[in-house]
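Peer 1: Structure provided below as structure tokens; questions to follow.
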Amino acid sequence: MAGKVVGVLALQGDYERHVRALDAAGAHAVEVRSAAELEATDGLVIPGGESTTMLKILHRESLFEPLRAYGQAKPIFGTCAGAILLAGRVSSPAQESLGLMDIDVQRNAYGRQLDSRVVTLPTKLGDLEAVFIRAPIIRATGPAVQVLATYSGDPVLAEQGRHLVATFHPELTADLRVHAYFLSKL
Ligand code: GLN
């Protein structure tokens, strides 16, 4: 991991907190807004935010295809909206995605009353405080996907080869274990 540069897609959403978390976990984190900046990194975090808005900006900046190609060679960690972008299939409503992980994701799936919450979550990385904000639910996972944590029976932290997704926000707590785990994949 030493000397590795980790990009954080900085088009929209809470990318600054990821930069801080990655730096604190020992990486060199940089904000990514162009294909040239993307190419200079060894791994990428796609933050939470609004996946529909991110998609629009990705197309406007001609970053959608470069990002898909990048994910075929290098690790991506998607949190919340980032997990929606990495998914194979997206519903509620359906929208385009990068198709880099074999997961089916339903957006805003916990409903209005449970928009946001903090829970103590047992995971394969140990117990974590997990912050959910208008989170998607991972409704199905393919055979290549390893589930690292579930909440109410649904996967909330999962990996497939080099890629990792969380439907919660590890960048909003001081706990660096999820970011450190992603860095271990670089
Ligand atoms: N609801 C958002 C979406 O559908 C995701 C929310 C988040 O990233 N905190 O893109």
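We name chains A, B, ... following the order of the structure tokens; residues begin at 1 in each chain, and ligands are numbered from 1 as shown.
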Near Tyr15 of chain A, within 8 Å and counting only C-alpha atoms, which residues show up once chain neighbours fewer than 6 positions away are dropped, as a short mmCIF file (atom, residue, chain, number, x, y, z; two decimals) with N, CA, C and O atoms, in the first residue's frame?
Peer 2:
```cif
data_model
loop_
_atom_site.label_atom_id
_atom_site.label_comp_id
_atom_site.auth_asym_id
_atom_site.auth_seq_id
_atom_site.Cartn_x
_atom_site.Cartn_y
_atom_site.Cartn_z
N VAL A 8 -10.42 10.04 -5.10
CA VAL A 8 -11.81 10.11 -4.64
C VAL A 8 -12.57 10.90 -5.71
O VAL A 8 -12.20 12.04 -6.02
N LEU A 9 -13.57 10.27 -6.29
CA LEU A 9 -14.35 10.94 -7.32
C LEU A 9 -15.02 12.17 -6.69
O LEU A 9 -15.80 12.04 -5.75
N GLU A 31 -8.25 14.25 -5.14
CA GLU A 31 -9.58 14.42 -5.74
C GLU A 31 -9.49 14.19 -7.24
O GLU A 31 -8.55 14.63 -7.89
N ILE A 46 -15.71 6.04 -4.80
CA ILE A 46 -16.88 6.80 -5.28
C ILE A 46 -17.74 7.06 -4.06
O ILE A 46 -18.23 6.12 -3.42
N PRO A 47 -17.92 8.33 -3.68
CA PRO A 47 -18.56 8.65 -2.41
C PRO A 47 -20.07 8.55 -2.46
O PRO A 47 -20.67 8.32 -3.52
N GLY A 48 -20.70 8.80 -1.30
CA GLY A 48 -22.14 8.97 -1.26
C GLY A 48 -22.51 10.34 -1.81
O GLY A 48 -21.66 11.21 -1.99
#
```
Peer 1: At a cut-off of 7 Å and counting only C-alpha atoms and all ligand atoms, what residues surround ligand 1? Please answer as an NGL selection string.
Peer 2: :A and (47-52 or 79-82 or 84 or 107-108 or 133-136)
Peer 1: Output N, CA, C and O atoms of each residue in that selection to a file, as a PDB file, in the first residue's frame.
Peer 2:
```pdb
ATOM      1  N   PRO A  47     -17.916   8.331  -3.684  1.00  0.00           N
ATOM      2  CA  PRO A  47     -18.559   8.650  -2.407  1.00  0.00           C
ATOM      3  C   PRO A  47     -20.071   8.550  -2.463  1.00  0.00           C
ATOM      4  O   PRO A  47     -20.668   8.320  -3.523  1.00  0.00           O
ATOM      5  N   GLY A  48     -20.697   8.796  -1.305  1.00  0.00           N
ATOM      6  CA  GLY A  48     -22.139   8.969  -1.256  1.00  0.00           C
ATOM      7  C   GLY A  48     -22.509  10.336  -1.808  1.00  0.00           C
ATOM      8  O   GLY A  48     -21.659  11.205  -1.992  1.00  0.00           O
ATOM      9  N   GLY A  49     -23.781  10.502  -2.062  1.00  0.00           N
ATOM     10  CA  GLY A  49     -24.273  11.743  -2.656  1.00  0.00           C
ATOM     11  C   GLY A  49     -25.566  11.410  -3.362  1.00  0.00           C
ATOM     12  O   GLY A  49     -26.406  10.713  -2.805  1.00  0.00           O
ATOM     13  N   GLU A  50     -25.702  11.840  -4.588  1.00  0.00           N
ATOM     14  CA  GLU A  50     -26.900  11.547  -5.370  1.00  0.00           C
ATOM     15  C   GLU A  50     -26.448  10.893  -6.666  1.00  0.00           C
ATOM     16  O   GLU A  50     -25.829  11.545  -7.513  1.00  0.00           O
ATOM     17  N   SER A  51     -26.739   9.600  -6.785  1.00  0.00           N
ATOM     18  CA  SER A  51     -26.181   8.844  -7.910  1.00  0.00           C
ATOM     19  C   SER A  51     -26.669   9.373  -9.267  1.00  0.00           C
ATOM     20  O   SER A  51     -25.926   9.368 -10.249  1.00  0.00           O
ATOM     21  N   THR A  52     -27.911   9.861  -9.323  1.00  0.00           N
ATOM     22  CA  THR A  52     -28.439  10.379 -10.599  1.00  0.00           C
ATOM     23  C   THR A  52     -27.645  11.608 -11.043  1.00  0.00           C
ATOM     24  O   THR A  52     -27.295  11.743 -12.226  1.00  0.00           O
ATOM     25  N   THR A  79     -19.397   3.870  -1.842  1.00  0.00           N
ATOM     26  CA  THR A  79     -20.249   3.980  -0.658  1.00  0.00           C
ATOM     27  C   THR A  79     -21.580   4.611  -1.065  1.00  0.00           C
ATOM     28  O   THR A  79     -21.608   5.653  -1.701  1.00  0.00           O
ATOM     29  N   CYS A  80     -22.644   3.960  -0.690  1.00  0.00           N
ATOM     30  CA  CYS A  80     -24.008   4.474  -0.878  1.00  0.00           C
ATOM     31  C   CYS A  80     -24.267   4.825  -2.353  1.00  0.00           C
ATOM     32  O   CYS A  80     -24.402   3.918  -3.161  1.00  0.00           O
ATOM     33  N   ALA A  81     -24.312   6.096  -2.740  1.00  0.00           N
ATOM     34  CA  ALA A  81     -24.494   6.409  -4.166  1.00  0.00           C
ATOM     35  C   ALA A  81     -23.404   5.746  -5.008  1.00  0.00           C
ATOM     36  O   ALA A  81     -23.648   5.298  -6.133  1.00  0.00           O
ATOM     37  N   GLY A  82     -22.194   5.644  -4.448  1.00  0.00           N
ATOM     38  CA  GLY A  82     -21.092   4.972  -5.157  1.00  0.00           C
ATOM     39  C   GLY A  82     -21.374   3.492  -5.368  1.00  0.00           C
ATOM     40  O   GLY A  82     -21.026   2.916  -6.411  1.00  0.00           O
ATOM     41  N   ILE A  84     -24.365   2.294  -5.704  1.00  0.00           N
ATOM     42  CA  ILE A  84     -25.404   2.270  -6.750  1.00  0.00           C
ATOM     43  C   ILE A  84     -24.732   2.346  -8.129  1.00  0.00           C
ATOM     44  O   ILE A  84     -25.115   1.630  -9.064  1.00  0.00           O
ATOM     45  N   ARG A 107     -32.739   1.630  -4.848  1.00  0.00           N
ATOM     46  CA  ARG A 107     -32.422   2.942  -4.278  1.00  0.00           C
ATOM     47  C   ARG A 107     -33.446   3.357  -3.217  1.00  0.00           C
ATOM     48  O   ARG A 107     -34.609   2.978  -3.291  1.00  0.00           O
ATOM     49  N   ASN A 108     -32.977   4.174  -2.274  1.00  0.00           N
ATOM     50  CA  ASN A 108     -33.839   4.793  -1.244  1.00  0.00           C
ATOM     51  C   ASN A 108     -34.787   3.761  -0.631  1.00  0.00           C
ATOM     52  O   ASN A 108     -35.970   4.030  -0.411  1.00  0.00           O
ATOM     53  N   ILE A 133     -27.723   6.776   5.307  1.00  0.00           N
ATOM     54  CA  ILE A 133     -28.401   8.005   4.882  1.00  0.00           C
ATOM     55  C   ILE A 133     -29.085   7.741   3.541  1.00  0.00           C
ATOM     56  O   ILE A 133     -28.406   7.553   2.529  1.00  0.00           O
ATOM     57  N   ARG A 134     -30.386   7.673   3.551  1.00  0.00           N
ATOM     58  CA  ARG A 134     -31.159   7.396   2.330  1.00  0.00           C
ATOM     59  C   ARG A 134     -30.487   6.265   1.534  1.00  0.00           C
ATOM     60  O   ARG A 134     -30.215   6.381   0.350  1.00  0.00           O
ATOM     61  N   ALA A 135     -30.236   5.203   2.260  1.00  0.00           N
ATOM     62  CA  ALA A 135     -29.402   4.128   1.717  1.00  0.00           C
ATOM     63  C   ALA A 135     -30.165   3.241   0.742  1.00  0.00           C
ATOM     64  O   ALA A 135     -31.375   3.062   0.872  1.00  0.00           O
ATOM     65  N   PRO A 136     -29.437   2.674  -0.208  1.00  0.00           N
ATOM     66  CA  PRO A 136     -30.015   1.627  -1.044  1.00  0.00           C
ATOM     67  C   PRO A 136     -29.984   0.289  -0.307  1.00  0.00           C
ATOM     68  O   PRO A 136     -29.267   0.148   0.684  1.00  0.00           O
TER      69      PRO A 136
END
```
Peer 1: Find the residues near Val5 of chain A: any atom within 6 Å, counting only C-alpha atoms, skip ones fewer than 6 places away on the same chain, and give them as a list in words.
Peer 2: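 Skipping anything fewer than 6 positions along the chain leaves His28, Ala29, Thr41 and Asp42 of chain A.
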Peer 1: Taking N, CA, C and O atoms for each residue, export the selection above as an mmCIF file, in the first residue's frame.
Peer 2:
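Now in selection.cif:
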```cif
data_model
loop_
_atom_site.group_PDB
_atom_site.id
_atom_site.type_symbol
_atom_site.label_atom_id
_atom_site.label_comp_id
_atom_site.auth_asym_id
_atom_site.auth_seq_id
_atom_site.Cartn_x
_atom_site.Cartn_y
_atom_site.Cartn_z
ATOM 1 N N HIS A 28 -2.167 8.195 0.118
ATOM 2 C CA HIS A 28 -2.101 9.542 -0.415
ATOM 3 C C HIS A 28 -3.360 9.738 -1.258
ATOM 4 O O HIS A 28 -3.498 9.152 -2.334
ATOM 5 N N ALA A 29 -4.318 10.524 -0.738
ATOM 6 C CA ALA A 29 -5.614 10.672 -1.404
ATOM 7 C C ALA A 29 -5.645 11.936 -2.256
ATOM 8 O O ALA A 29 -5.139 12.977 -1.847
ATOM 9 N N THR A 41 -4.155 7.344 -10.618
ATOM 10 C CA THR A 41 -4.425 6.726 -9.314
ATOM 11 C C THR A 41 -4.327 5.194 -9.381
ATOM 12 O O THR A 41 -4.437 4.597 -10.449
ATOM 13 N N ASP A 42 -4.153 4.597 -8.186
ATOM 14 C CA ASP A 42 -4.052 3.133 -8.076
ATOM 15 C C ASP A 42 -5.362 2.502 -7.629
ATOM 16 O O ASP A 42 -5.524 1.278 -7.674
#
```
Peer 1: If you measure from atom CA of Arg89 of chain A to atom CA of Thr150 of chain A, what distance in Å do you get, rounded to one decimal?
Peer 2: 19.3 Å
Peer 1: Could you check how far atom CA of Glu171 of chain A sits from atom CA of Ala21 of chain A, in Å to one decimal?
Peer 2: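 Computed distance, atom CA of Glu171 of chain A to atom CA of Ala21 of chain A, equals 6.0 Å.
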Peer 1: Per DSSP on the backbone, what are the helix (DSSP H, G or I) residues of segment 1-174 of chain A, as number ranges by chain?
Peer 2: A: 15-24, 35-39, 51-60, 64-71, 81-86, 170-172
Peer 1: Would you output that residue set with C-alpha atoms, as a tab-separated table (two decimals), in the first residue's frame?
Peer 2:
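Once written, result-v9.tsv looks like this:
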```tsv
chain	number	residue	atom	x	y	z
A	15	TYR	CA	-15.86	13.29	-1.11
A	16	GLU	CA	-13.89	15.50	1.32
A	17	ARG	CA	-14.56	13.17	4.24
A	18	HIS	CA	-13.21	10.24	2.21
A	19	VAL	CA	-10.03	12.17	1.38
A	20	ARG	CA	-9.50	12.78	5.10
A	21	ALA	CA	-10.24	9.15	6.03
A	22	LEU	CA	-7.90	7.76	3.36
A	23	ASP	CA	-5.09	10.10	4.38
A	24	ALA	CA	-5.63	9.15	8.04
A	35	ALA	CA	-9.91	11.08	-16.96
A	36	ALA	CA	-6.29	12.26	-16.67
A	37	GLU	CA	-6.60	12.56	-12.88
A	38	LEU	CA	-8.25	9.13	-12.77
A	39	GLU	CA	-5.39	7.53	-14.69
A	51	SER	CA	-26.18	8.84	-7.91
A	52	THR	CA	-28.44	10.38	-10.60
A	53	THR	CA	-26.56	13.68	-10.40
A	54	MET	CA	-23.21	11.90	-10.43
A	55	LEU	CA	-24.26	9.97	-13.54
A	56	LYS	CA	-25.18	13.19	-15.34
A	57	ILE	CA	-21.84	14.78	-14.48
A	58	LEU	CA	-19.93	11.61	-15.45
A	59	HIS	CA	-21.48	11.82	-18.92
A	60	ARG	CA	-21.02	15.57	-19.20
A	64	PHE	CA	-18.42	7.28	-17.67
A	65	GLU	CA	-16.56	4.98	-20.11
A	66	PRO	CA	-13.09	5.76	-18.68
A	67	LEU	CA	-14.45	4.90	-15.23
A	68	ARG	CA	-15.87	1.59	-16.42
A	69	ALA	CA	-12.56	0.70	-18.11
A	70	TYR	CA	-10.66	1.75	-14.97
A	71	GLY	CA	-12.80	-0.61	-12.87
A	81	ALA	CA	-24.49	6.41	-4.17
A	82	GLY	CA	-21.09	4.97	-5.16
A	83	ALA	CA	-22.43	1.46	-4.52
A	84	ILE	CA	-25.40	2.27	-6.75
A	85	LEU	CA	-23.02	3.32	-9.54
A	86	LEU	CA	-20.94	0.12	-9.21
A	170	PRO	CA	-17.69	4.75	6.94
A	171	GLU	CA	-16.20	8.19	6.15
A	172	LEU	CA	-18.59	9.76	8.71
```
Peer 1: Could you find all residues in segment 62-183 of chain A that DSSP calls strand (DSSP E) from the backbone, and write them as a PyMOL selection string?
Peer 2: chain A and resi 76-79+89-91+103-106+116-123+126-133+137-141+146-151+154-160+163-166
Peer 1: I'd like the interatomic distance between atom CA of Phe132 of chain A and atom CA of Ser116 of chain A, to a tenth of an Å.
Peer 2: 5.2 Å
Peer 1: Which residues, written as a ChimeraX atom specification, have at least one atom at most 10 Å from Tyr151 of chain A, with only C-alpha atoms counted and residues fewer than 2 positions away on the same chain left out?
Peer 2: /A:119-123,130,137,149,153-157
Peer 1: Using only C-alpha atoms, which of A:Leu186, A:Leu128, A:Ala27, A:Ala140 sits nearest His163 of chain A?
Peer 2: A:Leu186
